[in-house]
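For reference, final_10.tsv (TSV, C-alpha atoms):
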chain	number	residue	atom	x	y	z
A	257	MET	CA	-138.66	-45.92	-18.29
A	258	GLY	CA	-136.51	-43.72	-20.50
A	259	ASP	CA	-134.05	-44.37	-23.30
A	260	PHE	CA	-130.86	-46.04	-22.13
A	261	LYS	CA	-127.36	-45.95	-23.52
A	262	ALA	CA	-125.97	-48.49	-21.03
A	263	VAL	CA	-127.06	-51.47	-18.96
A	264	ILE	CA	-125.20	-52.49	-15.80
A	265	PHE	CA	-125.87	-56.08	-14.74
A	266	ASP	CA	-125.23	-57.51	-11.32
A	267	LEU	CA	-123.68	-60.99	-11.56
A	268	ASP	CA	-124.52	-63.33	-8.67
A	269	GLY	CA	-128.23	-64.11	-8.59
A	270	THR	CA	-128.87	-62.03	-11.70
A	271	LEU	CA	-127.00	-63.55	-14.64
A	272	TYR	CA	-127.12	-66.95	-12.93
A	273	LYS	CA	-129.00	-68.42	-9.96
A	274	SER	CA	-126.74	-68.33	-6.90
A	275	LYS	CA	-129.06	-69.63	-4.17
A	276	PHE	CA	-127.00	-72.75	-3.41
A	277	LEU	CA	-123.55	-71.31	-4.12
A	278	PRO	CA	-122.48	-70.96	-0.43
A	279	LEU	CA	-123.43	-74.58	0.32
A	280	LEU	CA	-121.75	-75.89	-2.81
A	281	CYS	CA	-118.57	-73.98	-1.91
A	282	VAL	CA	-118.54	-75.61	1.53
A	283	LEU	CA	-118.99	-79.04	-0.03
A	284	LYS	CA	-116.17	-78.25	-2.44
A	285	SER	CA	-113.76	-77.26	0.34
A	286	PRO	CA	-115.04	-78.25	3.83
A	287	LYS	CA	-111.85	-77.15	5.56
A	288	ASP	CA	-112.58	-73.58	4.48
A	289	ALA	CA	-116.15	-73.61	5.82
A	290	PHE	CA	-115.43	-71.42	8.86
A	291	ARG	CA	-113.60	-68.82	6.79
A	292	MET	CA	-116.37	-68.74	4.22
A	293	ARG	CA	-118.96	-68.17	6.94
A	294	ALA	CA	-116.72	-65.53	8.52
A	295	GLU	CA	-116.42	-63.78	5.15
A	296	ARG	CA	-120.20	-63.58	4.85
A	297	LEU	CA	-120.55	-62.23	8.40
A	298	ALA	CA	-117.81	-59.65	7.86
A	299	ARG	CA	-119.35	-58.59	4.55
A	300	ARG	CA	-122.72	-57.92	6.20
A	301	GLY	CA	-121.00	-55.65	8.70
A	302	VAL	CA	-119.49	-53.42	6.01
A	303	LYS	CA	-122.41	-53.24	3.58
A	304	GLY	CA	-122.22	-49.96	1.71
A	305	PHE	CA	-118.83	-49.00	3.20
A	306	GLU	CA	-116.35	-46.78	1.38
A	307	TRP	CA	-112.62	-46.95	2.13
A	308	ASP	CA	-109.81	-44.58	1.22
A	309	SER	CA	-108.08	-47.19	-0.92
A	310	VAL	CA	-108.25	-50.81	-2.03
A	311	THR	CA	-105.31	-51.54	0.28
A	312	SER	CA	-107.10	-50.17	3.35
A	313	MET	CA	-110.29	-51.99	2.35
A	314	GLU	CA	-108.49	-55.33	2.08
A	315	ALA	CA	-106.74	-54.83	5.41
A	316	ASP	CA	-110.03	-53.99	7.14
A	317	PHE	CA	-111.81	-56.93	5.52
A	318	ALA	CA	-109.08	-59.35	6.55
A	319	GLN	CA	-109.13	-58.09	10.14
A	320	ARG	CA	-112.89	-58.51	10.36
A	321	ILE	CA	-112.82	-62.02	8.91
A	322	SER	CA	-110.01	-63.09	11.22
A	323	ARG	CA	-112.04	-62.00	14.25
A	324	PHE	CA	-114.73	-64.50	13.30
A	325	SER	CA	-112.55	-67.32	11.98
A	326	GLY	CA	-109.25	-66.97	13.80
A	327	GLY	CA	-105.86	-66.93	12.12
A	328	SER	CA	-103.73	-64.00	11.11
A	329	ALA	CA	-105.12	-61.19	9.00
A	330	VAL	CA	-102.30	-61.75	6.48
A	331	ALA	CA	-103.27	-65.40	5.99
A	332	VAL	CA	-106.94	-64.47	5.70
A	333	SER	CA	-106.18	-61.80	3.11
A	334	GLN	CA	-104.20	-64.24	0.99
A	335	TRP	CA	-107.03	-66.78	1.23
A	336	ARG	CA	-109.67	-64.20	0.29
A	337	ILE	CA	-107.73	-62.93	-2.71
A	338	ARG	CA	-106.33	-66.20	-4.06
A	339	LYS	CA	-108.13	-69.31	-2.85
A	340	PHE	CA	-111.73	-68.28	-2.20
A	341	PRO	CA	-112.37	-66.91	-5.73
A	342	GLN	CA	-110.97	-70.11	-7.22
A	343	ILE	CA	-113.29	-72.24	-5.06
A	344	GLN	CA	-116.23	-70.19	-6.30
A	345	ALA	CA	-115.12	-70.41	-9.93
A	346	ASP	CA	-114.69	-74.20	-9.74
A	347	VAL	CA	-118.16	-74.60	-8.23
A	348	LEU	CA	-119.72	-72.35	-10.85
A	349	LYS	CA	-118.06	-74.21	-13.69
A	350	ASN	CA	-119.28	-77.59	-12.43
A	351	HIS	CA	-122.71	-76.72	-11.06
A	352	CYS	CA	-124.00	-73.44	-12.51
A	353	SER	CA	-124.63	-71.86	-15.87
A	354	ALA	CA	-125.82	-68.52	-17.12
A	355	ARG	CA	-129.55	-67.91	-17.22
A	356	GLU	CA	-131.29	-68.95	-20.41
A	357	GLY	CA	-130.97	-66.22	-23.02
A	358	ALA	CA	-128.36	-64.19	-21.11
A	359	LYS	CA	-125.68	-64.65	-23.76
A	360	GLU	CA	-127.99	-63.73	-26.61
A	361	LEU	CA	-129.35	-60.74	-24.70
A	362	ILE	CA	-125.91	-59.29	-23.98
A	363	LEU	CA	-124.76	-59.76	-27.56
A	364	GLY	CA	-128.03	-58.30	-28.85
A	365	LEU	CA	-127.78	-55.23	-26.63
A	366	SER	CA	-124.19	-54.67	-27.67
A	367	GLY	CA	-125.12	-55.07	-31.32
A	368	ALA	CA	-127.83	-52.45	-30.83
A	369	GLY	CA	-125.21	-49.97	-29.64
A	370	ILE	CA	-125.99	-50.21	-25.93
A	371	LYS	CA	-122.95	-50.35	-23.67
A	372	ILE	CA	-122.91	-53.30	-21.27
A	373	ALA	CA	-121.07	-53.75	-17.98
A	374	VAL	CA	-121.20	-56.14	-15.05
A	375	LEU	CA	-120.83	-54.79	-11.52
A	376	SER	CA	-120.54	-57.36	-8.73
A	377	ASP	CA	-119.94	-56.91	-5.03
A	378	TYR	CA	-117.44	-59.76	-5.23
A	379	GLY	CA	-114.09	-60.16	-6.96
A	380	PHE	CA	-112.86	-62.39	-9.81
A	381	VAL	CA	-115.75	-61.21	-11.97
A	382	GLY	CA	-114.25	-62.13	-15.35
A	383	GLY	CA	-113.31	-65.60	-14.13
A	384	LYS	CA	-116.82	-66.20	-12.85
A	385	MET	CA	-118.30	-64.99	-16.14
A	386	GLU	CA	-116.19	-67.52	-18.01
A	387	ALA	CA	-117.14	-70.26	-15.53
A	388	ILE	CA	-120.87	-69.83	-16.22
A	389	GLY	CA	-120.39	-69.73	-19.98
A	390	LEU	CA	-120.32	-65.97	-20.55
A	391	GLY	CA	-116.70	-65.67	-21.62
A	392	GLY	CA	-115.26	-65.20	-25.09
A	393	LYS	CA	-117.46	-63.09	-27.37
A	394	VAL	CA	-119.71	-62.07	-24.47
A	395	LEU	CA	-116.85	-60.57	-22.48
A	396	ASP	CA	-115.48	-58.99	-25.65
A	397	ALA	CA	-118.85	-57.32	-26.24
A	398	MET	CA	-118.82	-55.64	-22.85
A	399	ALA	CA	-117.50	-52.24	-21.91
A	400	GLY	CA	-116.09	-53.83	-18.77
A	401	VAL	CA	-116.61	-56.18	-15.84
A	402	PHE	CA	-116.07	-54.73	-12.40
A	403	SER	CA	-116.21	-55.46	-8.70
A	404	ALA	CA	-117.30	-52.73	-6.31
A	405	GLN	CA	-114.10	-53.63	-4.48
A	406	ASP	CA	-112.12	-52.31	-7.47
A	407	PHE	CA	-113.29	-48.89	-6.27
A	408	ALA	CA	-112.69	-49.56	-2.55
A	409	CYS	CA	-116.36	-49.85	-1.65
A	410	LEU	CA	-119.30	-52.22	-1.42
A	411	LYS	CA	-122.83	-51.88	-2.71
A	412	PRO	CA	-125.02	-49.91	-2.24
A	413	SER	CA	-122.33	-47.21	-2.25
A	414	ALA	CA	-122.95	-44.92	-5.20
A	415	ARG	CA	-119.22	-44.71	-5.86
A	416	ALA	CA	-119.01	-47.99	-7.76
A	417	PHE	CA	-122.05	-47.27	-9.95
A	418	LEU	CA	-120.84	-43.78	-10.82
A	419	LYS	CA	-117.32	-45.03	-11.57
A	420	VAL	CA	-118.70	-47.65	-13.97
A	421	ALA	CA	-120.82	-45.02	-15.73
A	422	GLU	CA	-117.75	-42.80	-15.98
A	423	LYS	CA	-115.71	-45.62	-17.51
A	424	MET	CA	-118.46	-46.25	-20.06
A	425	GLN	CA	-118.63	-42.50	-20.78
A	426	VAL	CA	-122.36	-42.24	-20.17
A	427	LEU	CA	-124.45	-40.17	-17.77
A	428	PRO	CA	-125.98	-41.92	-14.73
A	429	SER	CA	-129.45	-41.03	-16.03
A	430	GLU	CA	-128.64	-42.98	-19.20
A	431	CYS	CA	-127.95	-46.20	-17.25
A	432	LEU	CA	-130.26	-49.08	-16.39
A	433	VAL	CA	-129.16	-51.31	-13.52
A	434	VAL	CA	-130.43	-54.90	-13.48
A	435	GLY	CA	-129.99	-56.88	-10.28
A	436	ASP	CA	-131.57	-59.36	-7.88
A	437	ARG	CA	-131.27	-57.32	-4.65
A	438	ASP	CA	-133.11	-54.08	-4.05
A	439	ASP	CA	-131.08	-53.30	-0.91
A	440	THR	CA	-127.76	-53.34	-2.79
A	441	ASP	CA	-128.28	-53.10	-6.55
A	442	GLY	CA	-131.49	-51.07	-6.33
A	443	GLU	CA	-130.39	-48.73	-3.58
A	444	GLY	CA	-127.05	-48.14	-5.30
A	445	ALA	CA	-128.82	-47.34	-8.56
A	446	ARG	CA	-131.17	-44.87	-6.87
A	447	LYS	CA	-128.33	-43.15	-5.03
A	448	SER	CA	-126.55	-42.78	-8.36
A	449	GLY	CA	-129.50	-41.41	-10.30
A	450	MET	CA	-129.89	-44.59	-12.37
A	451	SER	CA	-132.98	-46.63	-13.25
A	452	PHE	CA	-133.36	-50.12	-11.82
A	453	ILE	CA	-135.16	-53.37	-12.58
A	454	LEU	CA	-135.31	-56.06	-9.91
A	455	ILE	CA	-134.95	-59.66	-11.09
A	456	THR	CA	-136.75	-62.21	-8.93
A	457	ASP	CA	-137.24	-65.97	-8.93
A	458	SER	CA	-140.09	-65.67	-6.45
A	459	ASN	CA	-143.81	-65.72	-7.15
A	460	LYS	CA	-144.40	-63.29	-4.29
A	461	LYS	CA	-145.47	-59.83	-5.40
A	462	ARG	CA	-143.71	-56.75	-4.06
A	463	ALA	CA	-145.82	-53.77	-3.11
A	464	ASP	CA	-143.24	-51.11	-2.23
A	465	GLY	CA	-143.36	-49.57	-5.70
A	466	LYS	CA	-139.67	-48.63	-5.68
A	467	SER	CA	-138.88	-50.23	-9.04
A	468	PRO	CA	-140.21	-52.64	-11.67
A	469	VAL	CA	-139.97	-56.30	-10.62
A	470	MET	CA	-139.62	-59.02	-13.24
A	471	LYS	CA	-138.81	-62.66	-13.55
A	472	TRP	CA	-135.87	-63.29	-15.87
A	473	ARG	CA	-138.04	-64.51	-18.74
A	474	ASP	CA	-140.25	-61.43	-18.46
A	475	PHE	CA	-137.17	-59.22	-18.44
A	476	LEU	CA	-135.93	-60.87	-21.64
A	477	ASP	CA	-139.26	-60.08	-23.30
A	478	TRP	CA	-139.21	-56.50	-21.99
A	479	ALA	CA	-135.60	-55.95	-23.12
A	480	GLY	CA	-136.37	-57.33	-26.57
A	481	LYS	CA	-139.18	-54.80	-26.98
A	482	ASN	CA	-137.62	-51.78	-25.28
A	483	LEU	CA	-133.84	-52.04	-25.60
A	484	VAL	CA	-132.96	-54.09	-28.68
A	485	LEU	CA	-134.22	-52.21	-31.71

For this file, produce the structure as structure tokens.
Amino acid sequence: MGDFKAVIFDLDGTLYKSKFLPLLCVLKSPKDAFRMRAERLARRGVKGFEWDSVTSMEADFAQRISRFSGGSAVAVSQWRIRKFPQIQADVLKNHCSAREGAKELILGLSGAGIKIAVLSDYGFVGGKMEAIGLGGKVLDAMAGVFSAQDFACLKPSARAFLKVAEKMQVLPSECLVVGDRDDTDGEGARKSGMSFILITDSNKKRADGKSPVMKWRDFLDWAGKNLVL
């Protein structure tokens, strides 16, 4: 892999383990269980979509969720923007923490002159970062934290990746994307002309050869040798 001037991290499942987050959110707020399930179903149906604007995206999302869960699209939109992110943040603060070495890695990369960003498919990215212990100096060290929804799209749309590169003032070829899903993070990176490393918690070996696959600890070792000079 080549020399990189920027690293774009996914958040959920990458900088912290998110396997049990949906269940923990339901336990946190059982009365919202149907809407949370409806949100996941609606999200699957618009994977990789691009909208004309954030307003049209939110309206479409709310309509899709309301079809599964009932209720007005206006009420669903308010819930999705205001309540749901807070449920997630509360769960993260009480039950999750950043992966071991994530804080030190981000600060080390920044200190080495590499620009760092986080690109999530979900909203409230800064609040979630703080909830898992990556606020303060870590956020200050970053070029930015973004949701694909900020750009009226969802991964693996190339739009979000290219917009983040543009905001960091680097070329796509100078960016390394690090994420836990090849179908969203990896595909989006490839569409954008960026390199990609897949983070896995599984012992199963992948044979598709699309990109390097590493456990988090192995990635820390690799980054220490190849990125932090």

| request: Give as a PyMOL selection string each residue that has an atom at most 6 Å from (-135.7, -52.3, -10.3) in the file, counting only C-alpha atoms. | output: chain A and resi 442+452-454+467-469

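Counting all atoms listed in the file and comparing A:Ala318, A:Ile264, A:Val310, A:Ser353, the residue that lies closest to Leu277 (chain A) is A:Ser353.
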
| message | Give me, as a PyMOL selection string, all polymer residues having an atom no more than 7 Å from Thr270 (chain A), counting all atoms listed in the file and skipping those fewer than 6 positions away in the same chain. | response | chain A and resi 435-436+455

Quick one: write out the picked residues with C-alpha atoms as a short mmCIF file (atom, residue, chain, number, x, y, z; two decimals), in the coordinates of the input?
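After the write, selection-v3.cif holds the following:
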data_model
loop_
_atom_site.label_atom_id
_atom_site.label_comp_id
_atom_site.auth_asym_id
_atom_site.auth_seq_id
_atom_site.Cartn_x
_atom_site.Cartn_y
_atom_site.Cartn_z
CA GLY A 435 -129.99 -56.88 -10.28
CA ASP A 436 -131.57 -59.36 -7.88
CA ILE A 455 -134.95 -59.66 -11.09
#

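With only C-alpha atoms as the atoms that count, the residue of A:Asn482, A:Thr456, A:Ser328, A:Gln425 with the shortest distance to Lys371 (chain A) is A:Gln425.
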
| Got a sec to check which residues sit within 12 Å of (-127.6, -58.5, 4.5), counting only C-alpha atoms, and write them as a list in words? | Arg296, Leu297, Ala298, Arg299, Arg300, Gly301, Val302, Lys303, Gly304, Leu410, Lys411, Pro412, Arg437, Asp438, Asp439 and Thr440 of chain A

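Pairwise distance (CA of Ser403 (chain A), CA of Asp477 (chain A)) equals 27.7 Å.
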
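CA of Ser325 (chain A) is positioned 9.5 Å from CA of Ala289 (chain A).
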
| task | Within 12 Å of Leu390 (chain A), counting all atoms listed in the file, which residues show up once you throw out same-chain ones fewer than 6 positions away? Write them as a PyMOL selection string, please. | result | chain A and resi 267+271-272+348-349+352-363+374+381-384+396-398+401

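One distance worth recording is that between CA of Ser376 (chain A) and CA of Phe402 (chain A), which is 6.4 Å.
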
| Phe290 (chain A) surroundings by only C-alpha atoms, 12 Å radius, close-in-sequence under 4 positions cut, as a list in words | Pro278, Cys281, Val282, Ser285, Pro286, Ala294, Glu295, Arg296, Leu297, Ile321, Ser322, Arg323, Phe324, Ser325, Gly326, Gly327 and Val332 of chain A

What are the centre and edge lengths in Å, to one decimal, of the axis-aligned box around all listed atoms of region 287-298 of chain A with 8 Å added on each side, as JSON?
{"center_x": -116.2, "center_y": -68.4, "center_z": 6.5, "size_x": 24.7, "size_y": 33.5, "size_z": 20.6}

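Among the candidates A:Thr311, A:Gln405, A:Ser451, A:Gln319, the residue lying nearest to Val433 (chain A) is A:Ser451 (atoms considered: all atoms listed in the file).
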
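All residues of protein, DNA or RNA that reach within 12 Å of Lys284 (chain A), judged by only C-alpha atoms and not counting those fewer than 5 positions away in the chain, are Leu277, Pro278, Leu279, Ala289, Met292, Phe340, Gln342, Ile343, Gln344, Ala345, Asp346, Val347, Leu348, Asn350 and His351 of chain A.
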
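Nearest to Ser312 (chain A) of all the residues A:Cys409, A:Val434, A:Ala414, A:Val426 is A:Cys409, based on all atoms listed in the file.
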
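Using only C-alpha atoms, the nearest neighbour of Asp457 (chain A) within the list A:Ala445, A:Tyr378, A:Met385, A:Arg473 is A:Arg473.
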
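Using only C-alpha atoms for every distance, the candidate list A:Phe475, A:Gly269, A:Arg338, A:Met450 yields A:Arg338 as the residue closest to Phe380 (chain A).
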